[in-house]
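Q: Structure: query-v3.pdb, PDB, C-alpha atoms.
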ATOM      1  CA  MET T 260      25.597 -73.148  68.807  1.00  0.00           C
ATOM      2  CA  ALA T 261      26.373 -69.450  68.288  1.00  0.00           C
ATOM      3  CA  ASP T 262      26.117 -67.070  71.221  1.00  0.00           C
ATOM      4  CA  ARG T 263      23.228 -64.725  70.441  1.00  0.00           C
ATOM      5  CA  THR T 264      23.765 -61.575  72.494  1.00  0.00           C
ATOM      6  CA  PRO T 265      20.519 -59.620  72.951  1.00  0.00           C
ATOM      7  CA  PRO T 266      20.523 -56.197  71.308  1.00  0.00           C
ATOM      8  CA  ASN T 267      21.644 -53.327  73.545  1.00  0.00           C
ATOM      9  CA  PRO T 268      18.742 -50.807  73.682  1.00  0.00           C
ATOM     10  CA  THR T 269      21.087 -47.818  73.903  1.00  0.00           C
ATOM     11  CA  ARG T 270      23.065 -48.925  70.844  1.00  0.00           C
ATOM     12  CA  ARG T 271      19.807 -49.643  68.994  1.00  0.00           C
ATOM     13  CA  ASP T 272      18.610 -46.084  69.691  1.00  0.00           C
ATOM     14  CA  GLU T 273      21.963 -44.692  68.508  1.00  0.00           C
ATOM     15  CA  LEU T 274      21.689 -46.652  65.266  1.00  0.00           C
ATOM     16  CA  LEU T 275      18.069 -45.595  64.792  1.00  0.00           C
ATOM     17  CA  HIS T 276      18.892 -41.907  65.167  1.00  0.00           C
ATOM     18  CA  ALA T 277      21.930 -42.253  62.899  1.00  0.00           C
ATOM     19  CA  ALA T 278      19.688 -43.923  60.295  1.00  0.00           C
ATOM     20  CA  LEU T 279      17.151 -41.057  60.487  1.00  0.00           C
ATOM     21  CA  ASP T 280      19.941 -38.502  60.034  1.00  0.00           C
ATOM     22  CA  ASP T 281      21.291 -40.490  57.098  1.00  0.00           C
ATOM     23  CA  PHE T 282      17.850 -40.736  55.464  1.00  0.00           C
ATOM     24  CA  ALA T 283      17.523 -36.948  55.724  1.00  0.00           C
ATOM     25  CA  ARG T 284      20.851 -36.492  53.915  1.00  0.00           C
ATOM     26  CA  HIS T 285      20.663 -39.302  51.344  1.00  0.00           C
ATOM     27  CA  GLY T 286      16.986 -40.176  50.943  1.00  0.00           C
ATOM     28  CA  LEU T 287      15.602 -43.647  50.346  1.00  0.00           C
ATOM     29  CA  VAL T 288      15.952 -44.060  46.598  1.00  0.00           C
ATOM     30  CA  ASP T 289      19.014 -46.317  46.773  1.00  0.00           C
ATOM     31  CA  PHE T 290      18.735 -47.288  50.432  1.00  0.00           C
ATOM     32  CA  THR T 291      20.414 -50.570  51.330  1.00  0.00           C
ATOM     33  CA  LEU T 292      21.516 -51.865  54.718  1.00  0.00           C
ATOM     34  CA  ARG T 293      25.081 -52.197  53.453  1.00  0.00           C
ATOM     35  CA  GLY T 294      25.180 -48.590  52.174  1.00  0.00           C
ATOM     36  CA  LEU T 295      23.630 -47.223  55.358  1.00  0.00           C
ATOM     37  CA  ALA T 296      25.973 -49.263  57.527  1.00  0.00           C
ATOM     38  CA  GLY T 297      29.028 -47.886  55.740  1.00  0.00           C
ATOM     39  CA  ARG T 298      27.844 -44.302  56.151  1.00  0.00           C
ATOM     40  CA  ILE T 299      27.011 -44.596  59.866  1.00  0.00           C
ATOM     41  CA  GLY T 300      30.037 -46.632  60.902  1.00  0.00           C
ATOM     42  CA  THR T 301      28.606 -50.080  61.531  1.00  0.00           C
ATOM     43  CA  SER T 302      28.002 -53.244  59.521  1.00  0.00           C
ATOM     44  CA  ALA T 303      24.941 -54.542  57.703  1.00  0.00           C
ATOM     45  CA  ARG T 304      25.141 -57.562  59.985  1.00  0.00           C
ATOM     46  CA  MET T 305      24.773 -55.309  63.041  1.00  0.00           C
ATOM     47  CA  LEU T 306      21.767 -53.576  61.500  1.00  0.00           C
ATOM     48  CA  VAL T 307      20.156 -56.982  60.917  1.00  0.00           C
ATOM     49  CA  HIS T 308      20.998 -57.941  64.508  1.00  0.00           C
ATOM     50  CA  TYR T 309      19.276 -54.823  65.854  1.00  0.00           C
ATOM     51  CA  PHE T 310      16.377 -54.479  63.400  1.00  0.00           C
ATOM     52  CA  GLY T 311      15.920 -57.765  61.546  1.00  0.00           C
ATOM     53  CA  SER T 312      15.520 -56.447  58.007  1.00  0.00           C
ATOM     54  CA  ARG T 313      15.560 -53.355  55.836  1.00  0.00           C
ATOM     55  CA  GLU T 314      11.765 -53.070  56.148  1.00  0.00           C
ATOM     56  CA  GLN T 315      11.850 -53.447  59.938  1.00  0.00           C
ATOM     57  CA  LEU T 316      14.533 -50.766  60.164  1.00  0.00           C
ATOM     58  CA  LEU T 317      12.398 -48.402  58.073  1.00  0.00           C
ATOM     59  CA  SER T 318       9.349 -49.170  60.187  1.00  0.00           C
ATOM     60  CA  ALA T 319      11.280 -48.515  63.413  1.00  0.00           C
ATOM     61  CA  ALA T 320      12.745 -45.282  62.029  1.00  0.00           C
ATOM     62  CA  PHE T 321       9.383 -43.877  61.033  1.00  0.00           C
ATOM     63  CA  ALA T 322       7.746 -44.973  64.282  1.00  0.00           C
ATOM     64  CA  GLU T 323      10.505 -43.062  66.095  1.00  0.00           C
ATOM     65  CA  HIS T 324       9.866 -40.029  63.890  1.00  0.00           C
ATOM     66  CA  ARG T 325       6.157 -40.068  64.784  1.00  0.00           C
ATOM     67  CA  GLN T 326       6.969 -40.441  68.497  1.00  0.00           C
ATOM     68  CA  GLN T 327       9.328 -37.468  68.350  1.00  0.00           C
ATOM     69  CA  MET T 328       6.599 -35.305  66.869  1.00  0.00           C
ATOM     70  CA  GLN T 329       4.020 -36.573  69.363  1.00  0.00           C
ATOM     71  CA  ARG T 330       6.381 -35.680  72.213  1.00  0.00           C
ATOM     72  CA  GLN T 331       6.764 -32.208  70.744  1.00  0.00           C
ATOM     73  CA  LEU T 332       3.004 -31.845  70.509  1.00  0.00           C
ATOM     74  CA  ALA T 333       2.320 -33.156  74.020  1.00  0.00           C
ATOM     75  CA  GLY T 334      -0.049 -30.795  75.712  1.00  0.00           C
ATOM     76  CA  ALA T 335      -1.631 -29.611  72.460  1.00  0.00           C
ATOM     77  CA  ALA T 336      -4.743 -31.666  73.227  1.00  0.00           C
ATOM     78  CA  GLU T 337      -5.511 -29.345  76.143  1.00  0.00           C
ATOM     79  CA  GLN T 338      -5.646 -26.373  73.758  1.00  0.00           C
ATOM     80  CA  CYS T 339      -8.520 -25.411  71.515  1.00  0.00           C
ATOM     81  CA  PRO T 340      -8.099 -26.992  68.057  1.00  0.00           C
ATOM     82  CA  ALA T 341      -6.958 -23.744  66.393  1.00  0.00           C
ATOM     83  CA  ASP T 342      -4.280 -23.179  69.056  1.00  0.00           C
ATOM     84  CA  ALA T 343      -3.226 -26.833  68.895  1.00  0.00           C
ATOM     85  CA  ALA T 344      -2.921 -26.607  65.093  1.00  0.00           C
ATOM     86  CA  THR T 345      -0.874 -23.414  65.437  1.00  0.00           C
ATOM     87  CA  SER T 346       1.411 -25.196  67.930  1.00  0.00           C
ATOM     88  CA  ALA T 347       1.685 -28.168  65.579  1.00  0.00           C
ATOM     89  CA  TRP T 348       2.671 -25.916  62.669  1.00  0.00           C
ATOM     90  CA  ALA T 349       5.317 -24.214  64.820  1.00  0.00           C
ATOM     91  CA  ALA T 350       6.707 -27.619  65.824  1.00  0.00           C
ATOM     92  CA  MET T 351       6.716 -28.853  62.225  1.00  0.00           C
ATOM     93  CA  THR T 352       8.593 -25.797  60.984  1.00  0.00           C
ATOM     94  CA  ALA T 353      11.174 -25.601  63.774  1.00  0.00           C
ATOM     95  CA  ASP T 354      14.691 -25.633  62.334  1.00  0.00           C
ATOM     96  CA  GLU T 355      15.599 -28.781  64.272  1.00  0.00           C
ATOM     97  CA  GLN T 356      12.723 -30.652  62.587  1.00  0.00           C
ATOM     98  CA  ARG T 357      13.796 -29.974  59.003  1.00  0.00           C
ATOM     99  CA  SER T 358      15.771 -33.195  58.632  1.00  0.00           C
ATOM    100  CA  HIS T 359      12.987 -35.291  60.157  1.00  0.00           C
ATOM    101  CA  PHE T 360      10.399 -33.929  57.752  1.00  0.00           C
ATOM    102  CA  THR T 361      12.818 -34.362  54.867  1.00  0.00           C
ATOM    103  CA  VAL T 362      12.879 -38.033  55.851  1.00  0.00           C
ATOM    104  CA  MET T 363       9.073 -38.121  55.947  1.00  0.00           C
ATOM    105  CA  TYR T 364       8.830 -36.785  52.392  1.00  0.00           C
ATOM    106  CA  HIS T 365      11.371 -39.344  51.171  1.00  0.00           C
ATOM    107  CA  LEU T 366       9.245 -42.042  52.781  1.00  0.00           C
ATOM    108  CA  LEU T 367       6.010 -40.745  51.283  1.00  0.00           C
ATOM    109  CA  ALA T 368       7.563 -40.538  47.820  1.00  0.00           C
ATOM    110  CA  ALA T 369       9.022 -44.041  48.116  1.00  0.00           C
ATOM    111  CA  GLY T 370       5.645 -45.313  49.330  1.00  0.00           C
ATOM    112  CA  LEU T 371       3.728 -44.111  46.279  1.00  0.00           C
ATOM    113  CA  THR T 372       4.191 -47.495  44.647  1.00  0.00           C
ATOM    114  CA  THR T 373       1.791 -49.837  46.402  1.00  0.00           C
ATOM    115  CA  ASP T 374       4.074 -52.845  46.130  1.00  0.00           C
ATOM    116  CA  SER T 375       7.125 -51.007  47.503  1.00  0.00           C
ATOM    117  CA  ALA T 376       8.605 -51.984  50.854  1.00  0.00           C
ATOM    118  CA  GLU T 377       7.987 -48.405  52.037  1.00  0.00           C
ATOM    119  CA  HIS T 378       4.263 -48.359  51.195  1.00  0.00           C
ATOM    120  CA  PRO T 379       2.975 -49.709  54.555  1.00  0.00           C
ATOM    121  CA  ALA T 380       5.137 -47.267  56.563  1.00  0.00           C
ATOM    122  CA  ALA T 381       4.082 -44.355  54.323  1.00  0.00           C
ATOM    123  CA  ARG T 382       0.408 -45.268  54.720  1.00  0.00           C
ATOM    124  CA  ASP T 383       0.819 -45.544  58.498  1.00  0.00           C
ATOM    125  CA  ALA T 384       2.559 -42.150  58.627  1.00  0.00           C
ATOM    126  CA  ILE T 385      -0.298 -40.421  56.805  1.00  0.00           C
ATOM    127  CA  LEU T 386      -3.036 -42.107  58.818  1.00  0.00           C
ATOM    128  CA  ALA T 387      -1.263 -41.395  62.123  1.00  0.00           C
ATOM    129  CA  TRP T 388      -1.482 -37.655  61.426  1.00  0.00           C
ATOM    130  CA  VAL T 389      -5.135 -37.910  60.403  1.00  0.00           C
ATOM    131  CA  ASP T 390      -5.927 -39.965  63.527  1.00  0.00           C
ATOM    132  CA  TYR T 391      -4.120 -37.457  65.768  1.00  0.00           C
ATOM    133  CA  ALA T 392      -5.973 -34.492  64.269  1.00  0.00           C
ATOM    134  CA  ALA T 393      -9.342 -36.323  64.354  1.00  0.00           C
ATOM    135  CA  GLU T 394      -8.909 -37.153  68.056  1.00  0.00           C
ATOM    136  CA  LEU T 395      -8.036 -33.523  68.755  1.00  0.00           C
ATOM    137  CA  LEU T 396     -11.133 -32.296  66.906  1.00  0.00           C
ATOM    138  CA  THR T 397     -13.589 -34.783  68.438  1.00  0.00           C
ATOM    139  CA  GLY T 398     -12.089 -34.120  71.878  1.00  0.00           C
ATOM    140  CA  ALA T 399     -12.912 -30.442  71.354  1.00  0.00           C
ATOM    141  CA  GLY T 400     -16.512 -31.275  70.516  1.00  0.00           C
ATOM    142  CA  HIS T 401     -16.444 -31.397  66.718  1.00  0.00           C
ATOM    143  CA  ASP T 402     -18.990 -33.661  65.061  1.00  0.00           C
ATOM    144  CA  PRO T 403     -17.301 -37.094  64.795  1.00  0.00           C
ATOM    145  CA  ALA T 404     -18.895 -37.619  61.375  1.00  0.00           C
ATOM    146  CA  HIS T 405     -16.938 -34.648  60.001  1.00  0.00           C
ATOM    147  CA  ALA T 406     -13.889 -34.685  62.272  1.00  0.00           C
ATOM    148  CA  ARG T 407     -11.959 -37.234  60.181  1.00  0.00           C
ATOM    149  CA  ILE T 408     -12.615 -35.286  56.980  1.00  0.00           C
ATOM    150  CA  ASP T 409     -11.541 -32.012  58.601  1.00  0.00           C
ATOM    151  CA  ALA T 410      -8.522 -33.816  60.064  1.00  0.00           C
ATOM    152  CA  THR T 411      -7.586 -34.981  56.562  1.00  0.00           C
ATOM    153  CA  VAL T 412      -7.855 -31.420  55.244  1.00  0.00           C
ATOM    154  CA  LEU T 413      -5.672 -30.155  58.083  1.00  0.00           C
ATOM    155  CA  ALA T 414      -3.028 -32.909  58.030  1.00  0.00           C
ATOM    156  CA  SER T 415      -2.741 -33.076  54.238  1.00  0.00           C
ATOM    157  CA  GLY T 416      -2.852 -29.301  53.940  1.00  0.00           C
ATOM    158  CA  PHE T 417      -0.036 -28.946  56.464  1.00  0.00           C
ATOM    159  CA  LYS T 418       2.065 -31.583  54.691  1.00  0.00           C
ATOM    160  CA  GLY T 419       1.589 -29.849  51.332  1.00  0.00           C
ATOM    161  CA  ILE T 420       2.391 -26.399  52.688  1.00  0.00           C
ATOM    162  CA  LEU T 421       5.388 -27.749  54.595  1.00  0.00           C
ATOM    163  CA  LEU T 422       6.730 -29.422  51.444  1.00  0.00           C
ATOM    164  CA  ASP T 423       6.385 -26.074  49.644  1.00  0.00           C
ATOM    165  CA  ARG T 424       8.212 -24.320  52.515  1.00  0.00           C
ATOM    166  CA  LEU T 425      11.055 -26.862  52.561  1.00  0.00           C
ATOM    167  CA  VAL T 426      11.560 -26.694  48.789  1.00  0.00           C
ATOM    168  CA  THR T 427      11.091 -22.941  48.208  1.00  0.00           C
ATOM    169  CA  ASP T 428      12.298 -21.686  51.607  1.00  0.00           C
ATOM    170  CA  ASP T 429       9.507 -19.070  51.375  1.00  0.00           C
ATOM    171  CA  LYS T 430       8.698 -19.072  55.070  1.00  0.00           C
ATOM    172  CA  GLN T 431       6.518 -15.962  55.067  1.00  0.00           C
ATOM    173  CA  ARG T 432       4.155 -17.092  52.296  1.00  0.00           C
ATOM    174  CA  CYS T 433       3.923 -20.669  53.556  1.00  0.00           C
ATOM    175  CA  ASP T 434       3.388 -19.678  57.193  1.00  0.00           C
ATOM    176  CA  ALA T 435       0.624 -17.302  56.068  1.00  0.00           C
ATOM    177  CA  ALA T 436      -0.949 -20.147  54.057  1.00  0.00           C
ATOM    178  CA  ALA T 437      -0.842 -22.496  57.065  1.00  0.00           C
ATOM    179  CA  HIS T 438      -2.482 -19.889  59.273  1.00  0.00           C
ATOM    180  CA  ARG T 439      -5.136 -19.238  56.636  1.00  0.00           C
ATOM    181  CA  LEU T 440      -5.878 -22.988  56.553  1.00  0.00           C
ATOM    182  CA  ILE T 441      -6.160 -23.071  60.361  1.00  0.00           C
ATOM    183  CA  ASP T 442      -8.427 -20.044  60.331  1.00  0.00           C
ATOM    184  CA  ALA T 443     -10.652 -21.341  57.527  1.00  0.00           C
ATOM    185  CA  LEU T 444     -10.986 -24.806  59.025  1.00  0.00           C
ATOM    186  CA  LEU T 445     -10.941 -24.228  62.769  1.00  0.00           C
ATOM    187  CA  ASN T 446     -12.069 -20.663  63.380  1.00  0.00           C
ATOM    188  CA  ARG T 447     -15.218 -20.811  61.289  1.00  0.00           C
ATOM    189  CA  PRO T 448     -18.557 -19.987  62.964  1.00  0.00           C
ATOM    190  CA  ASP T 449     -19.714 -23.638  63.224  1.00  0.00           C
ATOM    191  CA  SER T 450     -16.511 -24.714  65.024  1.00  0.00           C
ATOM    192  CA  PRO T 451     -16.853 -25.214  68.788  1.00  0.00           C
TER
END
As structure tokens, please, write out the structure in this file.
A:
Amino acid sequence: MADRTPPNPTRRDELLHAALDDFARHGLVDFTLRGLAGRIGTSARMLVHYFGSREQLLSAAFAEHRQQMQRQLAGAAEQCPADAATSAWAAMTADEQRSHFTVMYHLLAAGLTTDSAEHPAARDAILAWVDYAAELLTGAGHDPAHARIDATVLASGFKGILLDRLVTDDKQRCDAAAHRLIDALLNRPDSP
């Protein structure tokens, strides 16, 4: 019987962060465990040991990405929705977040095909942002019947503007567009 050593949590975290960095550089189009392993200095067997499968590795990587952003946005819930959205935009556009959002866009593109392995993680990533924004809005007293719709406008609007900013590098125009979206959605007269 083979000795099955339990995965070391520190090494697992190292591999997870290396995978996220690799996804930002190489995307997901031709992603294989063997290719990733070679680029990050491990073996496909070790990746299976730590994550189980390609799909489980992707799921863990994107869960980590969401947690990183949630940690960055901690405390935003205590702000009014417009200030929280402004803080969220600043966090999303911070230079150190560029690679993480590059990964997110690779995931979303790969998840466009409903039968792709990335589809469930892409769907979860989109809905996590909508859920976060909806909780923020209802917590600030917005009508729950409209909060999810407004959250969709905000989350999807931010993702679209951020994609534009990452591709064109036109920070001034895109930042102005994000602030116009915040103002139109959250600083209107019927907003609490």
Q: Of the residues T:Arg432, T:Ala404, T:Leu396, T:Arg270, which is the one nearest to T:Ala341, using all atoms listed in the file?
A: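 For T:Ala341, the nearest of the given residues is T:Leu396.
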Q: Taking 6 positions as the minimum chain separation for residues in the same chain, which residues sit within 10 Å of T:Ile385 when counting only C-alpha atoms? Answer as JSON, numbers by chain.
A: {"T": [363, 367, 411, 414, 415, 418]}
Q: Atom CA of T:His365 and atom CA of T:Leu287 are how many Å apart?
A: 6.1 Å
Q: Would you work out the distance separating atom CA of T:Ala399 from atom CA of T:Asn446, expressed in Å to one decimal?
A: 12.6 Å
Q: Taking the point (11.1, -22.1, 60.4) as given in the file, collect each protein or nucleic acid residue that comes within 12 Å of it, counting all atoms listed in the file, and present the set as a list in words.
A: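 Residues with an atom close enough to that point: Trp348, Ala349, Ala350, Met351, Thr352, Ala353, Asp354, Glu355, Gln356, Arg357, Leu421, Arg424, Leu425, Asp428, Asp429, Lys430, Gln431, Arg432, Cys433 and Asp434 of chain T.
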Q: Could you list, as a list of chain:residue names, every residue within 12 Å of T:Ala406, counting only C-alpha atoms and ignoring same-chain residues fewer than 3 positions away?
A: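 Near neighbours after the sequence-gap exclusion: T:Pro340, T:Val389, T:Asp390, T:Tyr391, T:Ala392, T:Ala393, T:Glu394, T:Leu395, T:Leu396, T:Thr397, T:Gly398, T:Ala399, T:Gly400, T:His401, T:Asp402, T:Pro403, T:Asp409, T:Ala410, T:Thr411, T:Val412, T:Leu413, T:Ala414, T:Leu444, T:Leu445, T:Ser450, T:Pro451.
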Q: Once the PyMOL selection byres ((chain T and resi 295) around 12) has been applied to the shown file, what residues remain in the selection, as number ranges by chain?
A: T: 274-275, 277-287, 289-294, 296-307, 313, 316-317
Q: Just give me the gap between atom CA of T:Ala380 and atom CA of T:Ala319 in Å, one decimal is fine.
A: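 We find that atom CA of T:Ala380 and atom CA of T:Ala319 lie 9.3 Å from each other.
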Q: Might you pull out every residue within 8 Å of T:Pro266, with all atoms listed in the file counted and same-chain residues fewer than 3 positions away left off, and present them as a ChimeraX atom specification?
A: /T:270-271,308-309
Q: Given the selection you just returned, output its residues as a file containing C-alpha atoms, formatted as a PDB file, in the coordinates of the input.
A:
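Contents of again19.pdb, as written:
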ATOM      1  CA  ARG T 270      23.065 -48.925  70.844  1.00  0.00           C
ATOM      2  CA  ARG T 271      19.807 -49.643  68.994  1.00  0.00           C
ATOM      3  CA  HIS T 308      20.998 -57.941  64.508  1.00  0.00           C
ATOM      4  CA  TYR T 309      19.276 -54.823  65.854  1.00  0.00           C
TER       5      TYR T 309
END
Q: Check the smallest atom-to-atom distance from each of T:Val288, T:Ala320, T:Val426, T:Phe417 to T:Ala368 using all atoms listed in the file, then report the winner.
A: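 Looking at the shortest contact to T:Ala368, the residue is T:Val288.
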Q: Once 5 Å is added on each side, what are the centre and the three edge lengths, in Å to one decimal, of the axis-aligned box enclosing the listed atoms of stretch 300-304 of chain T? Present them as lines of an AutoDock Vina configuration file.
A:
center_x = 27.5
center_y = -52.1
center_z = 59.6
size_x = 15.1
size_y = 20.9
size_z = 13.8
